[in-house]
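Written below as structure tokens is the structure these notes are about.
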Amino acid sequence: MATYLEFIQQNEERDGVRFSWNVWPSSRLEATRMVVPLACLLTPLKERLDLPPVQYEPVLCSRPTCKAVLNPLCQVDYRAKLWACNFCFQRNPFPPAYAGISEVNQPAELMPQFSTIEYIVQRGPQTPLIFLYVVDTCLEEEDLQALKESLQMSLSLLPASALVGLITFGRMVQVHELSCEGISKSYVFRGTKDLTAKQIQDMLGLSRPAVSMQQGRPLQTPEQPPISSRFLQPVHKIDMNLTDLLGELQRDPWPVTQGKRPLRSTGVALSIAVGLLEGTFPNTGARIMLFTGGPPTQGPGMVVGDELKTPIRSWHDIEKDNARFMKKATKHYETLANRTAANGHCIDIYACALDQTGLLEMKCCANLTGGHMVMGDSFNTSLFRQTFQRVFNKGYNGEFRMAFGANLDVKTSRELKIAGAIGPCISLNAKGPCVSENELGIGGTSQWKICSLDPSTTLAIYFEVVNQHNAPIPQGSRGAVQFVTQYQHSSTEKRIRVTTIARNWADAQTQLQHIEAAFDQEAAAVLMARLGVYRAESEEGPDVLRWLDRQLIRLCQKFGQYNKDDPNSFRLSESFSLYPQFMFHLRRSPFLQVFNNSPDESSYYRHHFARQDLTQSLIMIQPILYAYSFHGPPEPVLLDSSSILPDRILLMDTFFQIVIYLGETIAQWQKAGYQDMPEYENFKHLLQAPLDDGQEILQTRFPMPRYIHTEHGGSQARFLLSKVNPSQTHNNLYAWGQESGAPILTDDVSLQVFMDHLKKLAVSSAS
Amino acid sequence: MSVNQQAHTGPPYGQPQPGYQGYQQPAYGGQSLPGVPRSQYGAYNGPMPEYQQPVPPQGSLRAPPTSGAPPPASGASHPSGHLAYSQFEHGDVQNGIPASAAPMQRPPASQPFLPGSGSTPVSQPSAFQQYGPPPASVQQLSNHMAGMTIGTATASAPPPAGLGYGPPTSVPPVSGSFSPPGSGLYTPYSATQGPPPTSVPQGLPVAQPPFPGQTVSTQRLPTQVPGFAPPPPSTGVGPSSYPPTTGAPRPPAMPGPPLPGQTLAGPPSSQPNHVTSPPPPAALAGLHPGPPMSGLHGPPPPTHPPQPGYQMQQNGSFGQVRGPQPNYGGAYPGTPNYGSPPGPPPPPKRLDPDSIPSPIQVIEDDRSNRGSEPFVTGARGQVPPLVTTNFLVKDQGNASPRYIRCTSYNIPCTSDMAKQSQVPLAAVIKPLATLPPEETLPYLVDHGESGPVRCNRCKAYMCPFMQFIEGGRRFQCCFCSCVTEVPPHYFQHLDHTGKRVDFYDRPELSLGSYEFLATVDYCKNNKFPSPPAFIFMIDVSYNAVKSGLVRLICEELKSLLDYLPREGNMEESAIRVGFVTYNKVLHFYNVKSSLAQPQMMVVSDVADMFVPLLDGFLVNVNESRTVITSLLDQIPEMFADTRETETVFAPVIQAGLEALKAAECAGKLFIFHTSLPIAEAPGKLKNRDDRKLINTDKEKTLFQPQTSFYNNLAKDCVAQGCCVDLFLFPNQYLDVATLGVVPYQTGGSIYKYAYFQLETDQDRFLNDLRRDVQKEVGFDAVMRVRTSTGIRATDFFGAFYMSNTTDVEMAGLDCDKTITVEFKHDDKLSEDSGALLQCALLYTSCAGQRRLRIHNLSLNCCTQLADLYRNCETDTLINYLAKYAYRGVLSSPVKTVRDALINQCAQILACYRKNCASPSSAGQLILPECMKLLPVYLNCVLKSDVLQPGPEVTTDDRAYIRQLVTSMDVAETNVFFYPRLLPLTKADVDSDSLPAAIRNSEERLSKGDIYLLENGLNIFVWVGVSVQQGLIQNLFGVSSFGQISNTLSALPVLENPFSKKVRSIVDMLQGQRSRYMKLIIVKQEDKLEMLFKHFLVEDKSLSGGASYVDFLCHMHKEIRQLLS
């Protein structure tokens, strides 16, 4: 093993796991002194081209409280046909099917390279995937038209056997029956009244038992189609019908008087969608896809009244406790989200409007169920169209990149306990011996449900070392963690993916350098960021920042090399060197700063931050900046105002935005039209290069980033200026005596100032 | 009875003119009394010639008797005759009007007759003669006269004549002013009447026949009093007994045997009015009959005595029995006893039905007297012809009786008088009544932007009674006397009589009824209304689908939608339509014209109803025709396999209401509903039908709604102008009392088709539906009745809602809906100025135009009770009493209500007896001429299903009828309570006319005939067991009685005159009623006959209702108790 970097890389490739520490401190006390908790980023369904699933059931440990899956770390007695669980040390006989195993004839799960393995199991009837469109009709004509087209298009992307359903809403909520000839039927609900699941099912006529028992009439037709058939139909059967139906969708006909918002019953519509699926297809993969063009304005879950003169709540209002609908609405959506999650369904929110749409209140719907959240300005934009299309993207093997109803079970060896998880999941409240009492994120359980996930969905899982200091772990022994993810594959198969990893223990007092060297600062930054963002959801922003700062200072104190009270002597080892910078940008990021962001935007950013994998998360924390110039090939440059030079084209990727920025000179050249002159073809190429690279990013990113093409002095340049480290501001413009770069008009501290302070505090003996 | 009658009929058939008499006779046979009327009928029908023939003889006879004074009258001309009568009667009876009415009737009737039979003349003569003898007992007579108004009137009339004869001329004055004189005359009468019995037979036209010449009699009689006529000949036969009592008795008595023919004629006239007259004759008969009628009387006398026992005297005729006693005292020693109830207990008890006032007779008299000339409304306080009479109305300043009818056209000046008389002062108003094509609709007046000219203080609208003063610059209100400036644009000079010069150019100055165009001030929210909408809401639960109802409705609607009401000459209706189906949930349909196919929107949230769509629910029929047709085609298919049996109801109404609210218009919901709404929803009902409650204090709960929910809903509906018409198709109890609340309070209608079967009920339902959809209707209506100072409208009955004490609010008001308004005094009235009513109805027309319809009516005021009694209208009175009683059952036990009714009527009659009739024996029943039918009609009300249900009457039926009656007009209540019974076999196949009706009693039916009975809801065709096969073949197309199917819902269409005639009669009757009547074939002695007998209202009913005769006795007893 060459370096830890490679090791980390390799592990991530193979298991989809990145630990903050790759050598674990062997006692609780030491672990806490490490400041950054022992935790990992897990991408349960990481795409593995080289991992063919096996077609049999996993072998489980027979201890009821353990049930760990047989894995390469287990000790096997080939003669006795026994294996010892590496978590609880229970000795288990192999099942009869394994009679023929031997050291040379090992099942896959025992081979070291299969630390991650996927089983296909046969359990229960397979139900087709379900897509329930919940469509807002209070849109502008153009928007609605675009949305209708997108929806119609999506029908061709769905698996042929998938069931689709359509609910539209405006002032009323309509559940469309899809199998009607000659007349189109829909069930209509008032948009102001919340209904229980039972009521909804009764009203939709889904409570069949009651109906058929009613009179014991002899007419019972034996082969009655499933009740749900009226509202959820296989795509291949009704795509024509549904296409027509979508085509005929009209804007909500109720008049909206001047100065009013249209009445939009999003809350009830979602409630009905949830109730409908709950009653008909519990515990099967289903997506409720909500398309909304504005805030809910009536009924349960309303976010703002219909008076236009009252603007939708801002962070300012929230701080002043002036958002009268927020709490109630949030509660409504939380209840819905929990119900949805309990049934294994997920809710996507596609919100396209220029103003806020209530994502703040509705965020839990997507967050708790693993659904997507997409925010755009209009349905009539490629941002929405492509994003939506990408939901139905297929993977390398022609399968949809989505999975449903995952159940993640984490098992640890005795020295570890599970503190919690942060990601698009809910707790399954599985208490057990390996569950810590200290919660980080969603804790108190060893199992979580992820209703919808895709190959990039990543959870942060936090552990606690519980081994006492006075019970040293034998040298060379390893701690182990097993992740068992059961899920419904997009092909509707039930699959189980098992990842078992092990790491060395080390005594922090004697082997700190090992531990230090095995620090994964990228993973650590993301893991700390997730914790911070998670806290920011419920705590005051400044508190979170202070907490982050303190953690950073403590880390620096612990791992920095310095002389007391001498900031200049402060040094960090290579494995920590980038960490403070990540923290600096994290502090400035929209995940923790709400200034200049609407509550909806904050919710949107945080939503994505809590589910993306490490690479993407890092981009979000610290955007990537590339420079294109005649001076050489494109190169990554510092995210610093000093990188903004007149003869450069900059390409910034913040995950949410792709910004292409033409330096002053370049912009002038472009205006002069040099790119059109044959003799300046190289200039043309230079202009084109960032566009091509941008396209590349756009192609793969979900959701589609906002694509911004701007130039020096352009209004949209603010997207770039707000991200770069303000090393030059109006305050110090000439202090550095440099002519390069662009001054940023801000009072924010720059990285240099930040680092100075950090050093000072780290070396201070006072703290 | 029937047997006897038949026997009679038999003879008449054979003997007299077979064809004619045959028919008529049987009928007559049934009705002994009708003699007189018949004569009239006969005359009308065509027998005229015959009559005349007979007349001559009589005439000759009469001539002499009348000769003195009467001759001129009688002989001269009818008019004169009338006059004479009227005078007489007035004098005698005091009931100027009734008397006049009676005479009037006669004249017309008699006119033809006069020459021959001239009933009037005859009577007079007879009277004279009689009087002659009676003088001694004059007073009694007078009493009779007074009391008997009609009967007496006639009877009395004669007497005065008798007295007056010498002074016939003087008589009028005397009679008019003094009852005594008349009475004096009368008394003798009564006394004599005892004897008159003999005359009675004569009195009945029949009577004459016997005398004059049998020939004549046969002819006339047959037609007229076939029964009688026959009797004479057949004396021996059963009928004999009848005839004697009725016709025979009197005439003889009166005329004295000597002038029988003539006298008879006289009496008969009297008889018609007052059945009583005959009875006395009976009593007398014993005496007199001997001679003239002997043959007839022979039997009668015995029978008669018993009658007297009843002591029933109507206008005098009833009194006979008693009268006789007192008067006869000597003559009838025994009878007196009878007079007193106890006296003639067992055998005598039987009062001859022919001797008591006959509705048929009254109707016929009025028809013949008043049907020929238009009723001109110029004069104040005129009593219009009866509702059963066909007449034209000329509006000359008062509203047509088609719009307003009053219980009395002469109002007591003081409340004391009103209280004393107990006669309710009420008006029955039908503001949007349909007029016959010959009469013009109210003119539409536009007073421009400032709106109709109104009194400043009481806000009464400009009307013919407003007095212009100061050269036309101001007008004084006729209601409150306030003086108001005439607006400049309305100014006009006055002519020398004080009338405006433009008097005849302005409907509001010259007519009783007209319309104003309302301005925006008269509109809700100060916005002109949108055109109204019709929403069809169809129950598609299992029952409705299975019975084929849903398909039927959908099919019908396809064509019916072309016939929505239109305003005037507009090309297409402005009314928009919408469709809803429902079972446990509601389905709305979007039928917007731009859609390729209809859209169905299901609303399951019945707990909180709303309308799921705005645009496309209410559409113009022509624009959306293809979509609507497609929808109506699909509805039956969509629900063909439904298994949903539960329904909701209140949410359906709410849905309609919400839809109208959303569309900001008024409208009407047509709800087709099949079952008790037990599905979980607001307004859910439970089955609470409990027959055990009947006759308990809790019975009223059966009429009350189960929950107040519907009352509140109705209130909301009214506020929006949402009228609900309900078509019910129940197979079991569905609580009409509760379901009907909303239709009732919103001015809607309920139609009920129990056990609906496509084959049998389809026509009825479709006809009702068509009519209901097409009929003229106003929306969002408010009616206020203003009165001149002194009286005030205090109580209202009908289908409406009232949020305050003066305004009657109706979400919808159609041309059949009637509101009965009761007035009370709050001050004195003056005879000079009379009393005025102005009924103003503000409504939205079917094209969405806001209008005011104004009806004005002026009434007389009186200080003499007699004037009141003389100007009453019993039909209207019954309309009021029935509505009053039917409302009473909501709050009081039915028995209490019944007792109160009887008591009030007893008081009315007792008051008359005490204050208006001349003193007479307490044993005499004396009825005011105008109210002589009060007992029989009242008995019908008391026996009606609501107040005394038979075992087969369901709770729903009672509730249904209760609500139905509450909106009925006078004509409808008249026929509803006293059904029309027509002998079909007597119909003249060559003419358009109806056969003469007969009285509703089984004994009037003949085995050999076919009868038709209609009451506005049902038509029964009753077939006697021994009807000729030929007739059966002709009518039913089967060869024998046994083969007639009683499941027929319509008569087969057969090409023969009889079938055609009968069917045309049925069609004609159907056309007269607002609802299509159910046709039921009843075979004699068949199970169904029980049902049929229920409608023979003069008989004892199975549920314990008294027979007419018994009830009359009871009334008399009550009256006597009050008097003593």
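Ordering of the structure tokens sets the chain letters (A, B, ...); residue numbers start at 1 within each chain; ligands are numbered from 1 in the order shown.
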| message | Taking 2 positions as the minimum chain separation for residues in the same chain, which residues sit within 9 Å of Leu70 of chain A when counting only C-alpha atoms? Answer as a PyMOL selection string. | response | chain A and resi 58-61+68+72-74+83-86+109-110
| request: Return as a count of residues only the residues belonging to chain B that are within 10 Å of chain A, counting only C-alpha atoms. | output: 40
| query | For Ala403 of chain A, which residue among A:Ser265, A:Ser452, A:Asn105, A:Ser642 is the nearest when counting only C-alpha atoms? | reply |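 Nearest candidate to Ala403 of chain A out of A:Ser265, A:Ser452, A:Asn105, A:Ser642: A:Ser452.
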Which residues are near Pro300 of chain A? Cut-off 9 Å, only C-alpha atoms, ignore same chain within fewer than 3 positions. Put them as a JSON list (two decimals) with N, CA and C atoms, in the first residue's frame.
```json
[["chain", "number", "residue", "atom", "x", "y", "z"],
["A", 191, "GLY", "N", -59.52, 22.04, -1.64],
["A", 191, "GLY", "CA", -58.11, 22.28, -1.36],
["A", 191, "GLY", "C", -57.84, 22.82, 0.01],
["A", 192, "THR", "N", -58.88, 22.94, 0.80],
["A", 192, "THR", "CA", -58.68, 23.60, 2.08],
["A", 192, "THR", "C", -58.84, 22.66, 3.25],
["A", 193, "LYS", "N", -59.10, 21.42, 2.95],
["A", 193, "LYS", "CA", -59.45, 20.55, 4.05],
["A", 193, "LYS", "C", -58.50, 19.36, 4.09],
["A", 194, "ASP", "N", -57.91, 19.18, 5.24],
["A", 194, "ASP", "CA", -57.00, 18.04, 5.35],
["A", 194, "ASP", "C", -57.83, 16.80, 5.64],
["A", 265, "SER", "N", -53.46, 24.46, -3.67],
["A", 265, "SER", "CA", -53.70, 23.54, -2.56],
["A", 265, "SER", "C", -52.62, 22.47, -2.49],
["A", 266, "THR", "N", -51.39, 22.89, -2.51],
["A", 266, "THR", "CA", -50.31, 21.91, -2.54],
["A", 266, "THR", "C", -50.39, 20.94, -1.36],
["A", 267, "GLY", "N", -50.71, 21.48, -0.21],
["A", 267, "GLY", "CA", -50.72, 20.64, 0.98],
["A", 267, "GLY", "C", -51.69, 19.49, 0.87],
["A", 268, "VAL", "N", -52.88, 19.81, 0.41],
["A", 268, "VAL", "CA", -53.89, 18.77, 0.29],
["A", 268, "VAL", "C", -53.55, 17.82, -0.85],
["A", 296, "PRO", "N", -47.86, 27.20, -1.69],
["A", 296, "PRO", "CA", -49.20, 26.79, -1.29],
["A", 296, "PRO", "C", -49.88, 27.98, -0.63],
["A", 303, "VAL", "N", -48.36, 28.32, 2.93],
["A", 303, "VAL", "CA", -47.12, 28.94, 3.32],
["A", 303, "VAL", "C", -47.28, 30.45, 3.35],
["A", 328, "LYS", "N", -46.94, 25.71, 11.23],
["A", 328, "LYS", "CA", -48.05, 24.81, 10.95],
["A", 328, "LYS", "C", -47.80, 24.04, 9.65],
["A", 329, "ALA", "N", -47.32, 24.79, 8.67],
["A", 329, "ALA", "CA", -47.08, 24.15, 7.38],
["A", 329, "ALA", "C", -45.99, 23.10, 7.51],
["A", 332, "HIS", "N", -47.30, 20.07, 8.95],
["A", 332, "HIS", "CA", -48.12, 19.31, 8.00],
["A", 332, "HIS", "C", -47.25, 18.47, 7.08],
["A", 333, "TYR", "N", -46.23, 19.12, 6.53],
["A", 333, "TYR", "CA", -45.41, 18.38, 5.57],
["A", 333, "TYR", "C", -44.55, 17.33, 6.27]]
```
| message | Excluding Ile619 of chain A and its own-chain neighbours fewer than 3 positions away, which residues fall within 8 Å of it when counting only C-alpha atoms? Please give them as a list in words. | response |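 With the cut-off at 8 Å, the set is Thr615, Gln616, Gln622, Pro623, Ile624, Asp653, Thr654 and Phe655 of chain A.
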For Leu721 of chain A, list every protein, DNA or RNA residue within 10 Å, evaluated using only C-alpha atoms, and leave out those in the same chain fewer than 2 positions away; present the list as a short mmCIF file (atom, residue, chain, number, x, y, z; two decimals) with N, CA and C atoms, in the first residue's frame.
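For reference, selection09.cif as written:
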```
data_model
loop_
_atom_site.label_atom_id
_atom_site.label_comp_id
_atom_site.auth_asym_id
_atom_site.auth_seq_id
_atom_site.Cartn_x
_atom_site.Cartn_y
_atom_site.Cartn_z
N LEU A 639 -9.37 29.69 -5.58
CA LEU A 639 -10.67 30.35 -5.51
C LEU A 639 -10.43 31.65 -4.76
N ASP A 640 -9.88 32.57 -5.50
CA ASP A 640 -9.41 33.79 -4.86
C ASP A 640 -9.60 34.94 -5.83
N SER A 641 -9.82 36.08 -5.29
CA SER A 641 -10.04 37.22 -6.17
C SER A 641 -8.81 37.50 -7.01
N ILE A 644 -8.86 36.41 -10.65
CA ILE A 644 -9.66 37.09 -11.65
C ILE A 644 -8.78 38.07 -12.39
N GLN A 716 -24.14 39.41 -13.66
CA GLN A 716 -24.13 38.04 -13.17
C GLN A 716 -22.75 37.64 -12.63
N ALA A 717 -21.80 38.53 -12.80
CA ALA A 717 -20.46 38.23 -12.27
C ALA A 717 -20.53 38.07 -10.77
N ARG A 718 -21.60 38.54 -10.20
CA ARG A 718 -21.72 38.44 -8.74
C ARG A 718 -21.64 37.00 -8.26
N PHE A 719 -22.10 36.07 -9.10
CA PHE A 719 -22.04 34.67 -8.69
C PHE A 719 -20.60 34.25 -8.43
N LYS A 723 -18.13 34.11 -4.40
CA LYS A 723 -17.55 32.84 -3.97
C LYS A 723 -16.05 32.94 -3.68
N VAL A 724 -15.40 33.74 -4.46
CA VAL A 724 -13.95 33.77 -4.31
C VAL A 724 -13.54 34.36 -2.98
N ASN A 725 -12.40 33.94 -2.55
CA ASN A 725 -11.84 34.50 -1.34
C ASN A 725 -11.54 35.96 -1.57
N PRO A 726 -12.10 36.80 -0.76
CA PRO A 726 -11.90 38.24 -1.02
C PRO A 726 -10.52 38.70 -0.55
N ALA A 742 -9.17 41.19 -9.03
CA ALA A 742 -10.28 42.14 -8.99
C ALA A 742 -10.70 42.33 -7.55
N PRO A 743 -10.87 43.57 -7.17
CA PRO A 743 -11.27 43.80 -5.79
C PRO A 743 -12.74 43.39 -5.58
N ILE A 744 -12.98 42.86 -4.45
CA ILE A 744 -14.34 42.47 -4.11
C ILE A 744 -14.88 43.46 -3.10
N LEU A 745 -16.02 43.98 -3.36
CA LEU A 745 -16.57 44.95 -2.43
C LEU A 745 -17.28 44.22 -1.30
N THR A 746 -16.49 43.88 -0.30
CA THR A 746 -17.09 43.17 0.81
C THR A 746 -16.35 43.46 2.09
#
```
| What lies within 9 Å of Tyr884 of chain B using only C-alpha atoms, ignoring chain neighbours under 6 positions off, as a ChimeraX atom specification? | /B:797,901,966
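The smallest atom-to-atom distance between Gln612 of chain A and any of A:Pro25, A:Pro52, A:Gly423, A:Gly694, using only C-alpha atoms, is found for A:Gly423.
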For Asp15 of chain A, list every protein, DNA or RNA residue within 10 Å, evaluated using only C-alpha atoms, and leave out those in the same chain fewer than 6 positions away; present the list as an mmCIF file with N, CA and C atoms, in the first residue's frame.
```cif
data_model
loop_
_atom_site.group_PDB
_atom_site.id
_atom_site.type_symbol
_atom_site.label_atom_id
_atom_site.label_comp_id
_atom_site.auth_asym_id
_atom_site.auth_seq_id
_atom_site.Cartn_x
_atom_site.Cartn_y
_atom_site.Cartn_z
ATOM 1 N N LEU A 42 -20.979 7.029 3.377
ATOM 2 C CA LEU A 42 -21.306 5.762 2.738
ATOM 3 C C LEU A 42 -22.182 6.024 1.522
ATOM 4 N N THR A 43 -21.773 5.503 0.420
ATOM 5 C CA THR A 43 -22.588 5.571 -0.790
ATOM 6 C C THR A 43 -23.103 4.153 -1.042
ATOM 7 N N PRO A 44 -24.274 3.857 -0.540
ATOM 8 C CA PRO A 44 -24.686 2.450 -0.480
ATOM 9 C C PRO A 44 -24.751 1.788 -1.853
ATOM 10 N N LEU A 45 -25.213 2.555 -2.828
ATOM 11 C CA LEU A 45 -25.400 1.918 -4.129
ATOM 12 C C LEU A 45 -24.342 2.363 -5.121
ATOM 13 N N LYS A 46 -23.190 2.638 -4.614
ATOM 14 C CA LYS A 46 -22.144 3.102 -5.519
ATOM 15 C C LYS A 46 -22.069 2.181 -6.709
ATOM 16 N N GLU A 47 -22.029 2.843 -7.852
ATOM 17 C CA GLU A 47 -22.052 2.060 -9.080
ATOM 18 C C GLU A 47 -20.771 1.243 -9.205
ATOM 19 N N ARG A 48 -20.911 -0.030 -9.350
ATOM 20 C CA ARG A 48 -19.747 -0.902 -9.503
ATOM 21 C C ARG A 48 -19.913 -1.711 -10.772
ATOM 22 N N GLN A 113 -11.797 -9.645 -2.065
ATOM 23 C CA GLN A 113 -12.151 -8.557 -2.990
ATOM 24 C C GLN A 113 -13.650 -8.284 -2.989
ATOM 25 N N PHE A 114 -14.392 -9.203 -2.393
ATOM 26 C CA PHE A 114 -15.843 -8.972 -2.291
ATOM 27 C C PHE A 114 -16.224 -8.439 -0.925
ATOM 28 N N SER A 115 -15.451 -7.472 -0.481
ATOM 29 C CA SER A 115 -15.869 -6.818 0.765
ATOM 30 C C SER A 115 -17.228 -6.147 0.547
ATOM 31 N N THR A 116 -17.510 -5.889 -0.691
ATOM 32 C CA THR A 116 -18.853 -5.429 -1.019
ATOM 33 C C THR A 116 -19.449 -6.421 -1.998
ATOM 34 N N ILE A 117 -20.619 -6.879 -1.685
ATOM 35 C CA ILE A 117 -21.237 -7.891 -2.532
ATOM 36 C C ILE A 117 -22.735 -7.641 -2.580
ATOM 37 N N PHE A 483 -22.214 -2.810 6.537
ATOM 38 C CA PHE A 483 -23.406 -2.095 6.066
ATOM 39 C C PHE A 483 -24.237 -3.047 5.228
ATOM 40 N N VAL A 498 -24.088 -5.838 0.648
ATOM 41 C CA VAL A 498 -23.399 -5.930 1.934
ATOM 42 C C VAL A 498 -21.969 -5.429 1.773
ATOM 43 N N THR A 499 -21.624 -4.485 2.599
ATOM 44 C CA THR A 499 -20.256 -3.974 2.582
ATOM 45 C C THR A 499 -19.667 -4.166 3.972
ATOM 46 N N THR A 500 -18.548 -4.812 4.019
ATOM 47 C CA THR A 500 -17.916 -5.033 5.318
ATOM 48 C C THR A 500 -16.521 -4.431 5.251
ATOM 49 N N ILE A 501 -16.239 -3.548 6.156
ATOM 50 C CA ILE A 501 -14.903 -2.941 6.138
ATOM 51 C C ILE A 501 -14.242 -3.118 7.508
#
```
| request: Taking the chain letters and numbering used in this document, name the residues of segment 36-137 of chain A that DSSP puts in strand (DSSP E or B), as a list in words. | output: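 Checking each residue of segment 36-137 of chain A, the strand (DSSP E or B) ones are Ala39, Cys40, Leu41, Leu42, Val54, Leu60, Val69, Gln75, Val76, Asp77, Leu82, Trp83, Ala84, Arg91, Asn92, Pro93, Thr116, Ile117, Glu118, Tyr119, Ile120, Val121, Ile130, Phe131, Leu132, Tyr133, Val134, Val135 and Asp136 of chain A.
When atom CA of Lys198 of chain A is paired with atom CA of Arg339 of chain A, their separation reads 12.9 Å.
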| In Å to one decimal, how far is atom CA of Phe595 of chain A from atom CA of Tyr534 of chain A? | 17.9 Å
